[in-house]
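Peer 1: For reference, the structure I am asking about is given below.
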Amino acid sequence: MPPMKKTQSSPPPQEDRRVSTRIFIGLVVGAVIGAFFNLWGPHPVRDWILDNLCAPIGTAFLRSLFMVVVPLVLSSLTVGVCNLGSGQNIGRLGGRLIGFYMATVLVAIFIGQALVSIIQPGAGVSPELIESSRQSFESQVAGLRERSAMVSDSLWPGLVETIIPRNIIFEFSETNMLSIIFVAVIFGLALLSIEPKKALAVQDVLSAVSEASIKIVGWIMLFAPIAVAALMITAVSQFGFEVMGSVIFYIGVVLLGYATHFFVTYSAIVRLLIRMPLKEFYRRSWPVIATAFSTSSSNATMPTTMRTLEKEFGLPKSITTFSVPLGATINMDGTALFEVVAALFIAQVFGIHIGLLGQVTLVVLILVTSIGVAGVPGGSIPILMSAMAALGIPPEGIALVLGVDRLLDMGRTVVNVTGDVLGGLYLARVEGIDLEQHLSERGDTTKMQRI
Ligand code: ASP
């Protein structure tokens with residue numbers, strides 16, 4: 001019999017590092033070209049490049065990532081549940097993870113609240129700006145109001161329907177993450193309780209699907225440097241730099257909030273809980289950060305997050321398959337921070353005083369509703385509008401901030417997915433998993449530094 005071909009050849013870690021550097025270059029070059037295009041303004045040549053080169057390249061990247069999300073999460077999570085071996089283990093991991101995610105979301109919300117109260121970005125906004133934004137975004141706001149009503153219905157009492165699918169295929173086709181997680185967990189638990197021989201056959205197939213999906217993500221990431229550049233050109237060329245001036249304090253507060261959470265809260269977690277030098281953490285997380293920044297989508301970044309945690313940090317599949325889908329769905333620190341700042345900013349502009357009870361309600365609302373935020377560009381806006389309405393803040397006020405949301409969305413998605421990376425590392429730490437050993441087993445000879 002001829003020797004079997006080796007099928008497990010993952011690219012050497014050095015190759016991954018080179019791709020990371022290229023992604024960084026793509027991001028910077030894309031931002032510079034985008035800024036130039038923005039200043040250039042509408043022109044047939046510029047528009048042709050944007051429509052016929054940048055748009056298809058960016059779309060190809062985004063769609064390829066979305067393409068693997070459902071098979072990857074479904075197969076990996078089911079196998080992950082089987083590997084955990086019992087409902088007790090799943091409960092323990094889930095409890096730890098949800099506790100970690102809730103704690104970090106709360107910190108993010110408090111940072112947002114504190115900054116808005118101290119800086120008061122809405123204090124000096126002119127009534128003309130309210131009127132002109134209302135006119136510019138009238139139809140967009142009307143559409144968002146409809147979606148907002150649907151989203152609040154799907155939170156309660158509709159959460160049951162959001163989680164338990166009547167038709168699995170339909171929910172999969174909508175990438176409804178809560179449903180997908182539910183089906184994978186139930187299916188995994190069922191496999192654990194049937195005859196082991198039969199269950200193993202299914203697990204083998206699902207493991208192969210999961211590995212093949214991660215392989216595809218690796219191929220997609222080879223294309224990332226060019227795609228990230230294309231996405232950056234498209235995004236930055238459309239930034240409304242002129243509208244930014246009028247809400248500059250609002251933008252400043254949101255960005256300051258992201259930076260505080262990213263560099264202070266997350267750095268503290270990296271150093272004190274995960275015990276890793278910051279440089280090491282951010283260097284290894286870079287593919288995730290760049291993908292999130294350029295796609296503005298936690299869902300689209302999910303395959304990269306899973307792959308990076310496995311390849312760069314040595315996390316076992318039993319952790320990533322569980323922590324990443326859960327994180328991308330319920331852990332939205334950047335989004336929560338943004339929502340608090342935006343709601344309170346709009347309240348300030350409209351002269352609505354939110355007292356202590358209102359502030360507490362806001363915290364609870366954002367904490368609970370962040371579960372329902374879809375990990376797609378602008379996914380939080382309809383939820384934010386329903387939270388505002390619940391507090392007596394006019395949801396139409398969202399028009400004030402829509403024009404600058406693309407930039408802020410990029411930032412909050414980075415914060416969201418970095419939180420997911422931390423969630424996985426935290427779980428590995430508390431479960432006592434030896435990451436270095438996993439890395440060396442995979443042939444990574446570059447030693448991961450720890451403190
Ligand atoms: N774009 C964000 C994400 O995918 C969701 C949002 O806040 O709009 O994580």
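Letters A, B, ... mark the chains of the structure tokens in the order given; residue numbers begin at 1 per chain; ligand numbers begin at 1, in order shown.
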May I have the residues within 9 Å of ligand 1, computed using only C-alpha atoms and all ligand atoms, as an NGL selection string?

Peer 2: :A and (292 or 295-301 or 328-329 or 331-336 or 338-339 or 370 or 373-381 or 405 or 408-417)

Peer 1: Could you tell me how far atom CA of Phe137 of chain A sits from atom CA of Thr291 of chain A, in Å to one decimal place?

Peer 2: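 Separation of atom CA of Thr291 of chain A and atom CA of Phe137 of chain A: 28.7 Å.
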
Peer 1: Hey, can you check how far atom CA of Pro165 of chain A sits from atom CA of Ile383 of chain A?

Peer 2: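 Straight-line distance from atom CA of Pro165 of chain A to atom CA of Ile383 of chain A works out to 21.4 Å.
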
Peer 1: Skip segment 110-121 of chain A itself and residues of its chain fewer than 3 positions away, then list as a VMD selection string all residues within 10 Å of it, counting only C-alpha atoms.

Peer 2: chain A and resid 104 to 107 124 to 125 247 to 254 256 to 258 260 to 261 265 334 336 to 346 348 to 349 359 362 to 363

Peer 1: By how many Å are atom CA of Gly58 of chain A and atom CA of Ile168 of chain A apart?

Peer 2: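 Distance reported for this atom pair: 29.3 Å.
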
Peer 1: Check the smallest atom-to-atom distance from each of A:Gly80, A:Pro127, A:Pro277, A:Gly30 to Leu231 of chain A using only C-alpha atoms, then report the winner.

Peer 2: A:Gly30

Peer 1: Using only C-alpha atoms, pick whichever of A:Gly351, A:Gly327, A:Gly372, A:Pro394 has the shortest atom-to-atom distance to Gly94 of chain A.

Peer 2: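 So, comparing all the options, the nearest one is A:Gly327.
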
Peer 1: Counting only C-alpha atoms, figure out which residue out of A:Ser237, A:Arg429, A:Met302, A:Thr418 gets nearest to Phe263 of chain A.

Peer 2: A:Thr418

Peer 1: From the set A:Asn176, A:Ile49, A:Leu192, A:Ser267, which residue has the shortest atom-to-atom contact distance to Glu280 of chain A, counting only C-alpha atoms?

Peer 2: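 Comparing A:Asn176, A:Ile49, A:Leu192, A:Ser267 against Glu280 of chain A, the winner is A:Ser267.
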
Peer 1: Quick one: residues within 12 Å of Ile33 of chain A, only C-alpha atoms counted, chain neighbours fewer than 6 positions away excluded, as a PDB file with N, CA and C atoms, in the first residue's frame?

Peer 2:
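This is the output file out.pdb:
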```pdb
ATOM      1  N   GLY A  26      -1.358  46.285   5.370  1.00  0.00           N
ATOM      2  CA  GLY A  26      -2.590  46.484   4.599  1.00  0.00           C
ATOM      3  C   GLY A  26      -3.524  47.472   5.275  1.00  0.00           C
ATOM      4  N   LEU A  27      -3.614  47.360   6.587  1.00  0.00           N
ATOM      5  CA  LEU A  27      -4.508  48.242   7.342  1.00  0.00           C
ATOM      6  C   LEU A  27      -4.056  49.703   7.234  1.00  0.00           C
ATOM      7  N   LEU A  39     -10.610  62.948   0.840  1.00  0.00           N
ATOM      8  CA  LEU A  39     -10.309  64.351   0.530  1.00  0.00           C
ATOM      9  C   LEU A  39     -10.556  64.643  -0.949  1.00  0.00           C
ATOM     10  N   TRP A  40     -10.282  63.660  -1.777  1.00  0.00           N
ATOM     11  CA  TRP A  40     -10.428  63.793  -3.233  1.00  0.00           C
ATOM     12  C   TRP A  40     -11.895  64.063  -3.580  1.00  0.00           C
ATOM     13  N   ARG A  46     -11.954  57.629  -8.964  1.00  0.00           N
ATOM     14  CA  ARG A  46     -12.034  57.186  -7.568  1.00  0.00           C
ATOM     15  C   ARG A  46     -13.229  56.250  -7.376  1.00  0.00           C
ATOM     16  N   ILE A  49     -12.691  52.815  -8.839  1.00  0.00           N
ATOM     17  CA  ILE A  49     -11.817  51.965  -8.002  1.00  0.00           C
ATOM     18  C   ILE A  49     -12.597  51.432  -6.801  1.00  0.00           C
ATOM     19  N   LEU A  50     -13.371  52.348  -6.179  1.00  0.00           N
ATOM     20  CA  LEU A  50     -14.125  51.920  -4.987  1.00  0.00           C
ATOM     21  C   LEU A  50     -15.149  50.836  -5.333  1.00  0.00           C
ATOM     22  N   CYS A  54     -12.265  47.807  -4.768  1.00  0.00           N
ATOM     23  CA  CYS A  54     -12.310  47.668  -3.303  1.00  0.00           C
ATOM     24  C   CYS A  54     -13.552  46.900  -2.855  1.00  0.00           C
ATOM     25  N   ALA A 229      -6.977  45.981   3.465  1.00  0.00           N
ATOM     26  CA  ALA A 229      -6.687  47.273   2.816  1.00  0.00           C
ATOM     27  C   ALA A 229      -7.920  47.756   2.049  1.00  0.00           C
ATOM     28  N   ALA A 230      -8.560  46.850   1.303  1.00  0.00           N
ATOM     29  CA  ALA A 230      -9.742  47.241   0.514  1.00  0.00           C
ATOM     30  C   ALA A 230     -10.880  47.715   1.423  1.00  0.00           C
ATOM     31  N   LEU A 231     -11.092  46.987   2.518  1.00  0.00           N
ATOM     32  CA  LEU A 231     -12.174  47.372   3.444  1.00  0.00           C
ATOM     33  C   LEU A 231     -11.876  48.728   4.085  1.00  0.00           C
ATOM     34  N   MET A 232     -10.603  48.938   4.415  1.00  0.00           N
ATOM     35  CA  MET A 232     -10.227  50.222   5.030  1.00  0.00           C
ATOM     36  C   MET A 232     -10.423  51.374   4.041  1.00  0.00           C
ATOM     37  N   ILE A 233     -10.038  51.141   2.780  1.00  0.00           N
ATOM     38  CA  ILE A 233     -10.199  52.206   1.773  1.00  0.00           C
ATOM     39  C   ILE A 233     -11.686  52.572   1.687  1.00  0.00           C
ATOM     40  N   THR A 234     -12.550  51.538   1.570  1.00  0.00           N
ATOM     41  CA  THR A 234     -13.990  51.799   1.448  1.00  0.00           C
ATOM     42  C   THR A 234     -14.504  52.551   2.679  1.00  0.00           C
ATOM     43  N   ALA A 235     -14.130  52.074   3.868  1.00  0.00           N
ATOM     44  CA  ALA A 235     -14.675  52.684   5.092  1.00  0.00           C
ATOM     45  C   ALA A 235     -14.190  54.121   5.259  1.00  0.00           C
ATOM     46  N   VAL A 236     -12.869  54.317   5.158  1.00  0.00           N
ATOM     47  CA  VAL A 236     -12.327  55.659   5.448  1.00  0.00           C
ATOM     48  C   VAL A 236     -12.747  56.661   4.372  1.00  0.00           C
ATOM     49  N   SER A 237     -12.893  56.196   3.124  1.00  0.00           N
ATOM     50  CA  SER A 237     -13.294  57.142   2.073  1.00  0.00           C
ATOM     51  C   SER A 237     -14.719  57.636   2.311  1.00  0.00           C
ATOM     52  N   GLN A 238     -15.503  56.884   3.108  1.00  0.00           N
ATOM     53  CA  GLN A 238     -16.892  57.307   3.352  1.00  0.00           C
ATOM     54  C   GLN A 238     -17.089  58.021   4.685  1.00  0.00           C
TER      55      GLN A 238
END
```

Peer 1: Please identify all polymer residues within 10 Å of Cys82 of chain A, counting only C-alpha atoms, omitting same-chain residues fewer than 6 positions from it, and present them as an mmCIF file with C-alpha atoms, in the first residue's frame.

Peer 2:
```cif
data_model
loop_
_atom_site.group_PDB
_atom_site.id
_atom_site.type_symbol
_atom_site.label_atom_id
_atom_site.label_comp_id
_atom_site.auth_asym_id
_atom_site.auth_seq_id
_atom_site.Cartn_x
_atom_site.Cartn_y
_atom_site.Cartn_z
ATOM 1 C CA SER A 76 -16.795 22.604 16.738
ATOM 2 C CA ILE A 90 -20.342 22.311 30.588
ATOM 3 C CA VAL A 185 -25.135 22.043 22.885
ATOM 4 C CA PHE A 187 -26.951 17.758 20.032
ATOM 5 C CA GLY A 188 -23.609 17.315 21.829
ATOM 6 C CA LEU A 189 -25.389 16.327 25.052
ATOM 7 C CA ALA A 190 -27.538 13.858 23.118
ATOM 8 C CA LEU A 191 -24.433 12.300 21.547
ATOM 9 C CA LEU A 192 -22.992 11.854 25.018
ATOM 10 C CA SER A 193 -26.016 9.843 26.018
ATOM 11 C CA ALA A 199 -21.633 8.724 18.823
ATOM 12 C CA LEU A 200 -17.934 8.452 17.977
ATOM 13 C CA GLN A 203 -17.994 13.012 16.330
ATOM 14 C CA SER A 318 -12.474 22.068 24.019
#
```

Peer 1: Nearest residue to Glu441 of chain A out of A:Gly424, A:Pro316, A:Gly358, A:Gly403, using only C-alpha atoms?

Peer 2: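 Looking at the shortest contact to Glu441 of chain A, the residue is A:Pro316.
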